[in-house]
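Listing of final05.cif; format and content: mmCIF, C-alpha atoms and all ligand atoms.
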data_protein
#
loop_
_atom_site.group_PDB
_atom_site.id
_atom_site.type_symbol
_atom_site.label_atom_id
_atom_site.label_comp_id
_atom_site.auth_asym_id
_atom_site.auth_seq_id
_atom_site.Cartn_x
_atom_site.Cartn_y
_atom_site.Cartn_z
ATOM 1 C CA MET B 175 96.744 68.840 92.640
ATOM 2 C CA GLN B 176 97.399 71.514 95.219
ATOM 3 C CA SER B 177 97.666 75.028 93.893
ATOM 4 C CA LEU B 178 100.886 76.937 94.379
ATOM 5 C CA ARG B 179 99.038 79.280 96.708
ATOM 6 C CA ALA B 180 97.852 76.440 98.904
ATOM 7 C CA MET B 181 101.384 75.105 99.185
ATOM 8 C CA ASN B 182 102.929 78.510 99.825
ATOM 9 C CA PRO B 183 100.598 80.697 101.853
ATOM 10 C CA ILE B 184 101.534 84.380 101.752
ATOM 11 C CA ARG B 185 103.143 85.428 105.034
ATOM 12 C CA VAL B 186 101.877 88.913 105.846
ATOM 13 C CA THR B 187 103.091 91.167 108.641
ATOM 14 C CA VAL B 188 100.757 94.076 109.387
ATOM 15 C CA TRP B 189 102.792 96.820 111.055
ATOM 16 C CA GLY B 190 101.036 99.475 113.126
ATOM 17 C CA GLU B 191 102.379 102.511 114.910
ATOM 18 C CA ASN B 192 99.667 101.840 117.511
ATOM 19 C CA THR B 193 99.926 105.325 119.058
ATOM 20 C CA HIS B 194 96.742 107.240 118.192
ATOM 21 C CA GLU B 195 94.693 104.341 119.552
ATOM 22 C CA LYS B 196 96.382 104.696 122.942
ATOM 23 C CA LYS B 197 96.232 108.504 123.131
ATOM 24 C CA SER B 198 92.859 109.357 121.583
ATOM 25 C CA PRO B 199 89.544 108.043 122.955
ATOM 26 C CA VAL B 200 87.983 108.902 119.587
ATOM 27 C CA VAL B 201 90.388 106.638 117.718
ATOM 28 C CA ALA B 202 90.176 103.934 120.391
ATOM 29 C CA ALA B 203 86.380 103.916 119.963
ATOM 30 C CA VAL B 204 86.694 103.376 116.201
ATOM 31 C CA TYR B 205 89.494 100.804 116.541
ATOM 32 C CA PRO B 206 89.176 99.163 119.971
ATOM 33 C CA GLN B 207 91.608 96.399 118.942
ATOM 34 C CA GLY B 208 93.983 98.854 117.265
ATOM 35 C CA MET B 209 94.145 99.815 113.605
ATOM 36 C CA HIS B 210 96.676 97.066 112.887
ATOM 37 C CA ASN B 211 94.218 94.378 113.984
ATOM 38 C CA ALA B 212 91.451 95.808 111.793
ATOM 39 C CA ILE B 213 93.828 95.854 108.812
ATOM 40 C CA ALA B 214 94.979 92.291 109.581
ATOM 41 C CA ASP B 215 91.353 91.090 109.833
ATOM 42 C CA GLY B 216 90.649 92.627 106.430
ATOM 43 C CA VAL B 217 93.528 90.734 104.830
ATOM 44 C CA ARG B 218 92.327 87.504 106.482
ATOM 45 C CA GLU B 219 88.783 88.131 105.229
ATOM 46 C CA PHE B 220 89.817 88.339 101.573
ATOM 47 C CA LEU B 221 92.878 86.047 101.708
ATOM 48 C CA PRO B 222 91.790 83.246 104.040
ATOM 49 C CA GLY B 223 94.861 81.194 103.125
ATOM 50 C CA ALA B 224 97.323 83.878 104.149
ATOM 51 C CA GLN B 225 99.339 83.741 107.377
ATOM 52 C CA VAL B 226 98.694 87.178 108.849
ATOM 53 C CA THR B 227 100.371 88.510 111.993
ATOM 54 C CA THR B 228 100.822 91.985 113.444
ATOM 55 C CA ALA B 229 103.796 93.967 114.730
ATOM 56 C CA THR B 230 103.869 97.341 116.464
ATOM 57 C CA LEU B 231 106.268 100.187 117.169
ATOM 58 C CA GLN B 232 106.343 99.391 120.890
ATOM 59 C CA GLU B 233 107.824 95.895 120.490
ATOM 60 C CA PRO B 234 111.598 95.274 120.592
ATOM 61 C CA ASP B 235 112.982 96.210 117.151
ATOM 62 C CA HIS B 236 109.430 97.523 116.490
ATOM 63 C CA GLY B 237 108.484 93.867 116.014
ATOM 64 C CA LEU B 238 110.646 93.747 112.881
ATOM 65 C CA THR B 239 113.594 91.537 113.763
ATOM 66 C CA GLU B 240 115.827 90.030 111.067
ATOM 67 C CA GLU B 241 114.066 86.706 111.596
ATOM 68 C CA ARG B 242 110.612 88.227 111.383
ATOM 69 C CA LEU B 243 111.369 90.086 108.174
ATOM 70 C CA ALA B 244 113.026 87.027 106.646
ATOM 71 C CA ALA B 245 109.739 85.205 107.244
ATOM 72 C CA THR B 246 107.619 88.039 105.800
ATOM 73 C CA ASP B 247 106.504 88.028 102.163
ATOM 74 C CA VAL B 248 104.518 91.247 102.355
ATOM 75 C CA LEU B 249 104.690 94.010 104.991
ATOM 76 C CA THR B 250 101.912 96.575 105.398
ATOM 77 C CA TRP B 251 102.738 99.894 107.104
ATOM 78 C CA TRP B 252 100.527 102.381 108.941
ATOM 79 C CA GLY B 253 102.252 105.223 110.792
ATOM 80 C CA HIS B 254 101.637 108.896 111.464
ATOM 81 C CA MET B 255 102.531 110.725 114.674
ATOM 82 C CA ALA B 256 105.600 108.630 115.526
ATOM 83 C CA HIS B 257 107.448 108.403 112.198
ATOM 84 C CA ASP B 258 110.525 109.846 113.940
ATOM 85 C CA LYS B 259 110.416 107.092 116.596
ATOM 86 C CA VAL B 260 111.157 104.428 113.983
ATOM 87 C CA GLU B 261 114.854 103.635 114.345
ATOM 88 C CA ASP B 262 117.015 104.103 111.272
ATOM 89 C CA ARG B 263 118.564 100.653 111.657
ATOM 90 C CA ILE B 264 115.085 99.146 111.298
ATOM 91 C CA VAL B 265 114.465 101.291 108.223
ATOM 92 C CA ASP B 266 117.760 99.965 106.765
ATOM 93 C CA ARG B 267 116.609 96.425 107.496
ATOM 94 C CA VAL B 268 113.188 96.854 105.872
ATOM 95 C CA GLN B 269 114.718 98.571 102.831
ATOM 96 C CA LYS B 270 117.117 95.641 102.355
ATOM 97 C CA ARG B 271 114.238 93.154 102.500
ATOM 98 C CA VAL B 272 112.227 95.168 99.959
ATOM 99 C CA LEU B 273 115.183 95.175 97.565
ATOM 100 C CA GLU B 274 115.459 91.429 98.069
ATOM 101 C CA GLY B 275 111.829 91.000 97.064
ATOM 102 C CA MET B 276 109.544 91.567 100.067
ATOM 103 C CA GLY B 277 106.372 93.441 99.115
ATOM 104 C CA LEU B 278 105.531 96.696 100.948
ATOM 105 C CA ILE B 279 102.042 98.200 101.204
ATOM 106 C CA VAL B 280 102.175 101.742 102.600
ATOM 107 C CA LEU B 281 98.889 103.093 103.930
ATOM 108 C CA HIS B 282 97.549 106.639 104.286
ATOM 109 C CA SER B 283 99.823 108.811 106.491
ATOM 110 C CA GLY B 284 102.618 106.342 105.817
ATOM 111 C CA HIS B 285 103.401 108.681 102.905
ATOM 112 C CA TYR B 286 105.729 110.418 105.388
ATOM 113 C CA ALA B 287 107.176 107.220 106.888
ATOM 114 C CA LYS B 288 110.955 107.011 106.816
ATOM 115 C CA ILE B 289 110.837 103.746 104.881
ATOM 116 C CA PHE B 290 108.564 105.191 102.163
ATOM 117 C CA LYS B 291 110.681 108.315 101.682
ATOM 118 C CA ARG B 292 113.848 106.197 101.697
ATOM 119 C CA LEU B 293 112.598 103.856 98.990
ATOM 120 C CA LEU B 294 111.090 106.555 96.769
ATOM 121 C CA GLY B 295 113.835 109.144 97.271
ATOM 122 C CA THR B 296 111.570 112.204 97.266
ATOM 123 C CA THR B 297 109.828 114.280 99.959
ATOM 124 C CA CYS B 298 106.420 112.568 99.470
ATOM 125 C CA SER B 299 104.655 115.727 100.683
ATOM 126 C CA LEU B 300 101.028 116.538 99.851
ATOM 127 C CA THR B 301 98.150 118.853 100.823
ATOM 128 C CA TRP B 302 95.500 117.772 103.348
ATOM 129 C CA ARG B 303 92.311 118.831 105.115
ATOM 130 C CA GLU B 304 90.128 117.279 107.812
ATOM 131 C CA ALA B 305 86.549 118.188 106.909
ATOM 132 C CA ASP B 306 84.597 114.887 107.024
ATOM 133 C CA GLU B 307 84.224 114.929 103.255
ATOM 134 C CA LYS B 308 83.343 112.236 100.743
ATOM 135 C CA GLU B 309 86.123 110.512 98.804
ATOM 136 C CA ARG B 310 85.491 108.822 95.462
ATOM 137 C CA LEU B 311 88.238 106.458 94.311
ATOM 138 C CA TRP B 312 88.275 105.932 90.548
ATOM 139 C CA VAL B 313 89.824 102.808 89.061
ATOM 140 C CA CYS B 314 92.416 103.849 86.445
ATOM 141 C CA ASN B 315 93.050 100.337 85.113
ATOM 142 C CA PRO B 316 90.250 97.773 85.562
ATOM 143 C CA GLY B 317 92.654 95.063 84.359
ATOM 144 C CA HIS B 318 95.163 95.641 87.144
ATOM 145 C CA PRO B 319 95.232 92.827 89.750
ATOM 146 C CA ILE B 320 94.928 95.351 92.598
ATOM 147 C CA ALA B 321 91.580 96.542 91.162
ATOM 148 C CA ARG B 322 90.137 93.024 90.902
ATOM 149 C CA GLY B 323 86.560 92.898 92.194
ATOM 150 C CA ILE B 324 86.237 96.694 92.365
ATOM 151 C CA ASP B 325 83.600 98.545 90.296
ATOM 152 C CA ARG B 326 84.369 101.648 88.190
ATOM 153 C CA TYR B 327 84.775 103.506 91.455
ATOM 154 C CA PHE B 328 83.918 103.261 95.127
ATOM 155 C CA GLU B 329 83.193 105.864 97.751
ATOM 156 C CA LEU B 330 83.994 106.476 101.383
ATOM 157 C CA PRO B 331 81.390 108.732 103.015
ATOM 158 C CA GLN B 332 83.871 110.529 105.270
ATOM 159 C CA GLU B 333 87.627 110.773 104.962
ATOM 160 C CA GLU B 334 90.488 113.166 105.360
ATOM 161 C CA MET B 335 91.366 114.905 102.078
ATOM 162 C CA TYR B 336 94.797 114.378 100.507
ATOM 163 C CA GLY B 337 95.449 116.532 97.448
ATOM 164 C CA GLU B 338 98.004 117.121 94.734
ATOM 165 C CA PRO B 339 100.792 117.946 94.347
ATOM 166 C CA PHE B 340 101.934 114.604 95.764
ATOM 167 C CA ALA B 341 105.753 114.774 95.663
ATOM 168 C CA ILE B 342 106.443 111.213 94.547
ATOM 169 C CA PRO B 343 108.427 109.843 91.614
ATOM 170 C CA ALA B 344 106.050 109.007 88.741
ATOM 171 C CA PRO B 345 104.435 105.671 89.659
ATOM 172 C CA ASP B 346 105.262 102.642 87.523
ATOM 173 C CA GLU B 347 101.543 101.880 87.498
ATOM 174 C CA GLN B 348 98.568 103.991 88.569
ATOM 175 C CA VAL B 349 95.602 102.018 89.937
ATOM 176 C CA PHE B 350 93.394 104.644 91.652
ATOM 177 C CA ILE B 351 92.825 108.379 91.520
ATOM 178 C CA SER B 352 90.704 109.989 94.240
ATOM 179 C CA TRP B 353 88.286 112.884 93.945
ATOM 180 C CA PHE B 354 87.140 114.680 97.075
ATOM 181 C CA GLU B 355 83.927 116.500 97.817
ATOM 182 C CA GLY B 356 85.842 119.750 98.204
ATOM 183 C CA GLY B 357 87.197 119.461 94.656
ATOM 184 C CA GLU B 358 90.778 118.188 94.978
ATOM 185 C CA VAL B 359 92.136 115.078 93.256
ATOM 186 C CA PHE B 360 94.965 112.782 94.349
ATOM 187 C CA ARG B 361 96.922 109.798 93.027
ATOM 188 C CA SER B 362 95.603 107.426 95.663
ATOM 189 C CA GLY B 363 96.761 104.001 94.449
ATOM 190 C CA CYS B 364 100.333 103.912 93.126
ATOM 191 C CA CYS B 365 102.779 101.094 92.292
ATOM 192 C CA TRP B 366 106.559 101.138 92.169
ATOM 193 C CA HIS B 367 109.305 98.534 91.881
ATOM 194 C CA ARG B 368 112.539 98.817 93.867
ATOM 195 C CA GLY B 369 115.049 96.030 93.324
ATOM 196 C CA ASN B 370 112.892 92.917 93.314
ATOM 197 C CA GLY B 371 110.365 94.421 95.717
ATOM 198 C CA LYS B 372 106.960 95.739 94.787
ATOM 199 C CA ILE B 373 105.604 98.795 96.600
ATOM 200 C CA PHE B 374 101.970 99.929 96.673
ATOM 201 C CA TYR B 375 100.767 103.137 98.274
ATOM 202 C CA PHE B 376 97.065 103.266 99.152
ATOM 203 C CA ARG B 377 95.673 106.538 100.434
ATOM 204 C CA PRO B 378 92.529 105.949 102.579
ATOM 205 C CA GLY B 379 92.764 105.256 106.287
ATOM 206 C CA HIS B 380 92.622 108.328 108.515
ATOM 207 C CA GLU B 381 92.543 107.146 112.109
ATOM 208 C CA THR B 382 89.245 108.760 113.154
ATOM 209 C CA TYR B 383 87.179 107.010 110.455
ATOM 210 C CA PRO B 384 86.244 103.304 110.217
ATOM 211 C CA THR B 385 87.937 103.045 106.801
ATOM 212 C CA TYR B 386 89.686 99.725 107.499
ATOM 213 C CA PHE B 387 86.304 98.052 108.054
ATOM 214 C CA ASP B 388 85.160 99.074 104.555
ATOM 215 C CA LYS B 389 84.786 96.068 102.225
ATOM 216 C CA ASN B 390 86.310 97.765 99.188
ATOM 217 C CA VAL B 391 89.288 99.068 101.146
ATOM 218 C CA ARG B 392 89.873 95.601 102.586
ATOM 219 C CA ARG B 393 89.624 94.022 99.156
ATOM 220 C CA VAL B 394 92.122 96.457 97.658
ATOM 221 C CA ILE B 395 94.656 95.863 100.451
ATOM 222 C CA ALA B 396 94.267 92.087 100.076
ATOM 223 C CA ASN B 397 94.634 92.356 96.283
ATOM 224 C CA ALA B 398 97.762 94.450 96.803
ATOM 225 C CA VAL B 399 99.203 91.836 99.160
ATOM 226 C CA GLU B 400 98.768 89.175 96.488
ATOM 227 C CA TRP B 401 100.230 91.441 93.807
ATOM 228 C CA ALA B 402 103.264 92.286 95.955
ATOM 229 C CA ARG B 403 104.276 88.770 96.951
ATOM 230 C CA PRO B 404 108.006 88.170 96.289
ATOM 231 C CA GLN B 405 109.196 87.534 92.755
ATOM 232 C CA GLY B 406 112.816 86.578 93.392
ATOM 233 C CA VAL B 407 115.987 87.529 95.195
ATOM 234 C CA TRP B 408 117.937 90.692 94.425
ATOM 235 C CA ILE B 409 121.717 90.332 94.238
ATOM 236 C CA ASP B 410 123.800 92.787 96.248
ATOM 237 C CA SER B 411 127.370 92.077 95.133
ATOM 238 C CA CYS B 412 129.704 93.123 92.304
ATOM 239 C CA PRO B 413 132.003 90.151 91.614
ATOM 240 C CA ASN B 414 134.888 90.544 89.143
ATOM 241 C CA ALA B 415 134.036 88.004 86.424
ATOM 242 C CA LYS B 416 137.648 87.290 85.434
ATOM 243 C CA VAL B 417 136.748 83.987 83.800
ATOM 244 C CA ALA B 418 134.399 84.666 80.860
ATOM 245 C CA PRO B 419 131.904 81.994 79.773
ATOM 246 C CA GLU B 420 133.267 82.255 76.207
ATOM 247 C CA PRO B 421 136.893 82.658 75.070
ATOM 248 C CA ILE B 422 137.635 86.302 74.243
ATOM 249 C CA LYS B 423 139.697 86.454 71.032
ATOM 250 C CA SER B 424 139.057 89.926 69.661
ATOM 251 C CA LYS B 425 140.658 91.910 72.427
ATOM 252 C CA ALA B 426 143.679 93.856 71.097
ATOM 253 C CA ARG B 427 146.827 93.318 73.128
HETATM 254 ZN ZN ZN B 501 95.199 111.065 108.352
#
As structure tokens, how would this structure be written, given the file I've shared?
Amino acid sequence: MQSLRAMNPIRVTVWGENTHEKKSPVVAAVYPQGMHNAIADGVREFLPGAQVTTATLQEPDHGLTEERLAATDVLTWWGHMAHDKVEDRIVDRVQKRVLEGMGLIVLHSGHYAKIFKRLLGTTCSLTWREADEKERLWVCNPGHPIARGIDRYFELPQEEMYGEPFAIPAPDEQVFISWFEGGEVFRSGCCWHRGNGKIFYFRPGHETYPTYFDKNVRRVIANAVEWARPQGVWIDSCPNAKVAPEPIKSKAR
């Protein structure tokens, strides 16, 4: 008998701002095919049954047409220097799909993406430093599906530091907390639910480091994609239920 997964492959759209790669030779050297393609390859590596495609800011509708989003189960988002170039009507469209049930995986500097701030409702600010320092990501809940296959912790030899306070609403579930060589800590793997959509924020992924080639990072993103696959359809209507399913006798008239 075919498994449910085999019958219904997860349709993943990997969205990339695709701007640093074009402007910085340093970033282009790390990600010659663009960061979005490295992220997409990582999802394919750990979820070989998934249908993974990419979309970028430069495409019409940023590659996120109504049709494309309707055919997307999970959207991953990497943006940084062009957050303000993302059109509000596209943000509205993505928000609607998340409420309906589409999963959203927000990566690294996507903490300041319009769609992330819209869905969480807070500033999502944080502290940061670029000092080529080590990051150690601790697993908070080894039983969480996003931590599947990950040891007690894993390390990235060089990353940008993100530190607390991280101005987010308290996560529904905490999967990772990072420690940095310089001493700061950060809530680096956070889950929320909005409507029927699942949202996961995952911190690593500064553009000048080869983070999206790291096996553990790839595994976590793939695990998050599986975790965030749609669970149902959110209703957006308030009908007047004039006809009750049972006769109402007690109402005083
Ligand atoms: Zn960064």
Residues in the PyMOL selection byres (((chain B and resi 403) around 8) and not hetatm), expressed as a list in words: Ile184, Asp247, Val248, Gly275, Met276, Gly277, Lys372, Val399, Glu400, Trp401, Ala402, Pro404 and Gln405 of chain B
Take the PyMOL selection byres (((chain B and resi 338-352) around 10) and not hetatm), run it mentally on this structure, and tell me the resulting residues as a ChimeraX atom specification. /B:285,290-291,294-302,309-321,327-329,335-337,353-354,358-367,373-378
With only C-alpha atoms and all ligand atoms as the atoms that count, which of B:Gln225, B:Thr382, B:Asn211, B:Thr250 lies nearest to ligand ZN 501 (chain B)?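 Of all the options, B:Thr382 lies closest to ligand ZN 501 (chain B).
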Could you jot down the CA of Glu233 in chain B to CA of Ala202 in chain B separation for me, Å, one decimal place? 19.4 Å
Wanna dump the chain B-ligand ZN 501 (chain B) contacts at 6 Å for me, each residue with its shortest atom pair and the distance in Å to one decimal, counting only C-alpha atoms and all ligand atoms, ordered by chain and number, as a Markdown table?
| residue | atom | partner | partner_atom | distance |
| --- | --- | --- | --- | --- |
| B:Ser283 | CA | B:ZN501 | ZN | 5.5 |
| B:Glu334 | CA | B:ZN501 | ZN | 6.0 |
| B:His380 | CA | B:ZN501 | ZN | 3.8 |
Fill-in result for range 290-313 of chain B, N, CA, C and O atoms as a PDB file, keeping the file's coordinate frame:
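Below is the file result-v5.pdb, written as the result:
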ATOM      1  N   PHE B 290     109.155 104.807 103.454  1.00  0.00           N
ATOM      2  CA  PHE B 290     108.564 105.191 102.163  1.00  0.00           C
ATOM      3  C   PHE B 290     109.436 106.246 101.481  1.00  0.00           C
ATOM      4  O   PHE B 290     109.769 106.136 100.299  1.00  0.00           O
ATOM      5  N   LYS B 291     109.848 107.261 102.258  1.00  0.00           N
ATOM      6  CA  LYS B 291     110.681 108.315 101.682  1.00  0.00           C
ATOM      7  C   LYS B 291     112.037 107.756 101.247  1.00  0.00           C
ATOM      8  O   LYS B 291     112.590 108.149 100.222  1.00  0.00           O
ATOM      9  N   ARG B 292     112.562 106.821 102.046  1.00  0.00           N
ATOM     10  CA  ARG B 292     113.848 106.197 101.697  1.00  0.00           C
ATOM     11  C   ARG B 292     113.750 105.470 100.353  1.00  0.00           C
ATOM     12  O   ARG B 292     114.601 105.610  99.478  1.00  0.00           O
ATOM     13  N   LEU B 293     112.707 104.678 100.196  1.00  0.00           N
ATOM     14  CA  LEU B 293     112.598 103.856  98.990  1.00  0.00           C
ATOM     15  C   LEU B 293     112.267 104.695  97.755  1.00  0.00           C
ATOM     16  O   LEU B 293     112.709 104.380  96.652  1.00  0.00           O
ATOM     17  N   LEU B 294     111.479 105.763  97.931  1.00  0.00           N
ATOM     18  CA  LEU B 294     111.090 106.555  96.769  1.00  0.00           C
ATOM     19  C   LEU B 294     112.084 107.668  96.470  1.00  0.00           C
ATOM     20  O   LEU B 294     112.208 108.112  95.327  1.00  0.00           O
ATOM     21  N   GLY B 295     112.778 108.159  97.503  1.00  0.00           N
ATOM     22  CA  GLY B 295     113.835 109.144  97.271  1.00  0.00           C
ATOM     23  C   GLY B 295     113.370 110.572  97.093  1.00  0.00           C
ATOM     24  O   GLY B 295     114.139 111.437  96.688  1.00  0.00           O
ATOM     25  N   THR B 296     112.084 110.835  97.372  1.00  0.00           N
ATOM     26  CA  THR B 296     111.570 112.204  97.266  1.00  0.00           C
ATOM     27  C   THR B 296     110.912 112.592  98.589  1.00  0.00           C
ATOM     28  O   THR B 296     110.854 111.790  99.526  1.00  0.00           O
ATOM     29  N   THR B 297     110.384 113.810  98.684  1.00  0.00           N
ATOM     30  CA  THR B 297     109.828 114.280  99.959  1.00  0.00           C
ATOM     31  C   THR B 297     108.489 113.632 100.295  1.00  0.00           C
ATOM     32  O   THR B 297     108.116 113.519 101.456  1.00  0.00           O
ATOM     33  N   CYS B 298     107.729 113.214  99.281  1.00  0.00           N
ATOM     34  CA  CYS B 298     106.420 112.568  99.470  1.00  0.00           C
ATOM     35  C   CYS B 298     105.426 113.473 100.201  1.00  0.00           C
ATOM     36  O   CYS B 298     104.526 112.994 100.895  1.00  0.00           O
ATOM     37  N   SER B 299     105.577 114.790 100.057  1.00  0.00           N
ATOM     38  CA  SER B 299     104.655 115.727 100.683  1.00  0.00           C
ATOM     39  C   SER B 299     103.354 115.826  99.876  1.00  0.00           C
ATOM     40  O   SER B 299     103.293 115.372  98.723  1.00  0.00           O
ATOM     41  N   LEU B 300     102.349 116.428 100.485  1.00  0.00           N
ATOM     42  CA  LEU B 300     101.028 116.538  99.851  1.00  0.00           C
ATOM     43  C   LEU B 300     100.227 117.628 100.565  1.00  0.00           C
ATOM     44  O   LEU B 300     100.697 118.176 101.558  1.00  0.00           O
ATOM     45  N   THR B 301      99.023 117.951 100.081  1.00  0.00           N
ATOM     46  CA  THR B 301      98.150 118.853 100.823  1.00  0.00           C
ATOM     47  C   THR B 301      97.072 118.012 101.520  1.00  0.00           C
ATOM     48  O   THR B 301      96.792 116.882 101.106  1.00  0.00           O
ATOM     49  N   TRP B 302      96.472 118.551 102.592  1.00  0.00           N
ATOM     50  CA  TRP B 302      95.500 117.772 103.348  1.00  0.00           C
ATOM     51  C   TRP B 302      94.490 118.695 104.020  1.00  0.00           C
ATOM     52  O   TRP B 302      94.717 119.906 104.167  1.00  0.00           O
ATOM     53  N   ARG B 303      93.368 118.079 104.420  1.00  0.00           N
ATOM     54  CA  ARG B 303      92.311 118.831 105.115  1.00  0.00           C
ATOM     55  C   ARG B 303      91.446 117.817 105.858  1.00  0.00           C
ATOM     56  O   ARG B 303      91.138 116.748 105.314  1.00  0.00           O
ATOM     57  N   GLU B 304      91.060 118.130 107.069  1.00  0.00           N
ATOM     58  CA  GLU B 304      90.128 117.279 107.812  1.00  0.00           C
ATOM     59  C   GLU B 304      88.785 117.972 107.856  1.00  0.00           C
ATOM     60  O   GLU B 304      88.582 118.908 108.621  1.00  0.00           O
ATOM     61  N   ALA B 305      87.852 117.534 107.000  1.00  0.00           N
ATOM     62  CA  ALA B 305      86.549 118.188 106.909  1.00  0.00           C
ATOM     63  C   ALA B 305      85.420 117.172 106.716  1.00  0.00           C
ATOM     64  O   ALA B 305      84.357 117.516 106.203  1.00  0.00           O
ATOM     65  N   ASP B 306      85.649 115.925 107.098  1.00  0.00           N
ATOM     66  CA  ASP B 306      84.597 114.887 107.024  1.00  0.00           C
ATOM     67  C   ASP B 306      83.982 114.796 105.639  1.00  0.00           C
ATOM     68  O   ASP B 306      82.765 114.650 105.493  1.00  0.00           O
ATOM     69  N   GLU B 307      84.807 114.883 104.605  1.00  0.00           N
ATOM     70  CA  GLU B 307      84.224 114.929 103.255  1.00  0.00           C
ATOM     71  C   GLU B 307      84.257 113.574 102.557  1.00  0.00           C
ATOM     72  O   GLU B 307      84.995 112.669 102.945  1.00  0.00           O
ATOM     73  N   LYS B 308      83.429 113.472 101.527  1.00  0.00           N
ATOM     74  CA  LYS B 308      83.343 112.236 100.743  1.00  0.00           C
ATOM     75  C   LYS B 308      84.573 112.084  99.859  1.00  0.00           C
ATOM     76  O   LYS B 308      85.075 113.062  99.297  1.00  0.00           O
ATOM     77  N   GLU B 309      85.040 110.843  99.738  1.00  0.00           N
ATOM     78  CA  GLU B 309      86.123 110.512  98.804  1.00  0.00           C
ATOM     79  C   GLU B 309      85.598 109.519  97.786  1.00  0.00           C
ATOM     80  O   GLU B 309      84.949 108.534  98.154  1.00  0.00           O
ATOM     81  N   ARG B 310      85.855 109.767  96.518  1.00  0.00           N
ATOM     82  CA  ARG B 310      85.491 108.822  95.462  1.00  0.00           C
ATOM     83  C   ARG B 310      86.792 108.340  94.815  1.00  0.00           C
ATOM     84  O   ARG B 310      87.550 109.148  94.278  1.00  0.00           O
ATOM     85  N   LEU B 311      87.011 107.028  94.884  1.00  0.00           N
ATOM     86  CA  LEU B 311      88.238 106.458  94.311  1.00  0.00           C
ATOM     87  C   LEU B 311      87.930 105.835  92.955  1.00  0.00           C
ATOM     88  O   LEU B 311      87.176 104.855  92.865  1.00  0.00           O
ATOM     89  N   TRP B 312      88.482 106.418  91.915  1.00  0.00           N
ATOM     90  CA  TRP B 312      88.275 105.932  90.548  1.00  0.00           C
ATOM     91  C   TRP B 312      89.332 104.898  90.197  1.00  0.00           C
ATOM     92  O   TRP B 312      90.512 105.084  90.485  1.00  0.00           O
ATOM     93  N   VAL B 313      88.892 103.824  89.547  1.00  0.00           N
ATOM     94  CA  VAL B 313      89.824 102.808  89.061  1.00  0.00           C
ATOM     95  C   VAL B 313      90.422 103.294  87.737  1.00  0.00           C
ATOM     96  O   VAL B 313      89.693 103.577  86.790  1.00  0.00           O
TER      97      VAL B 313
END
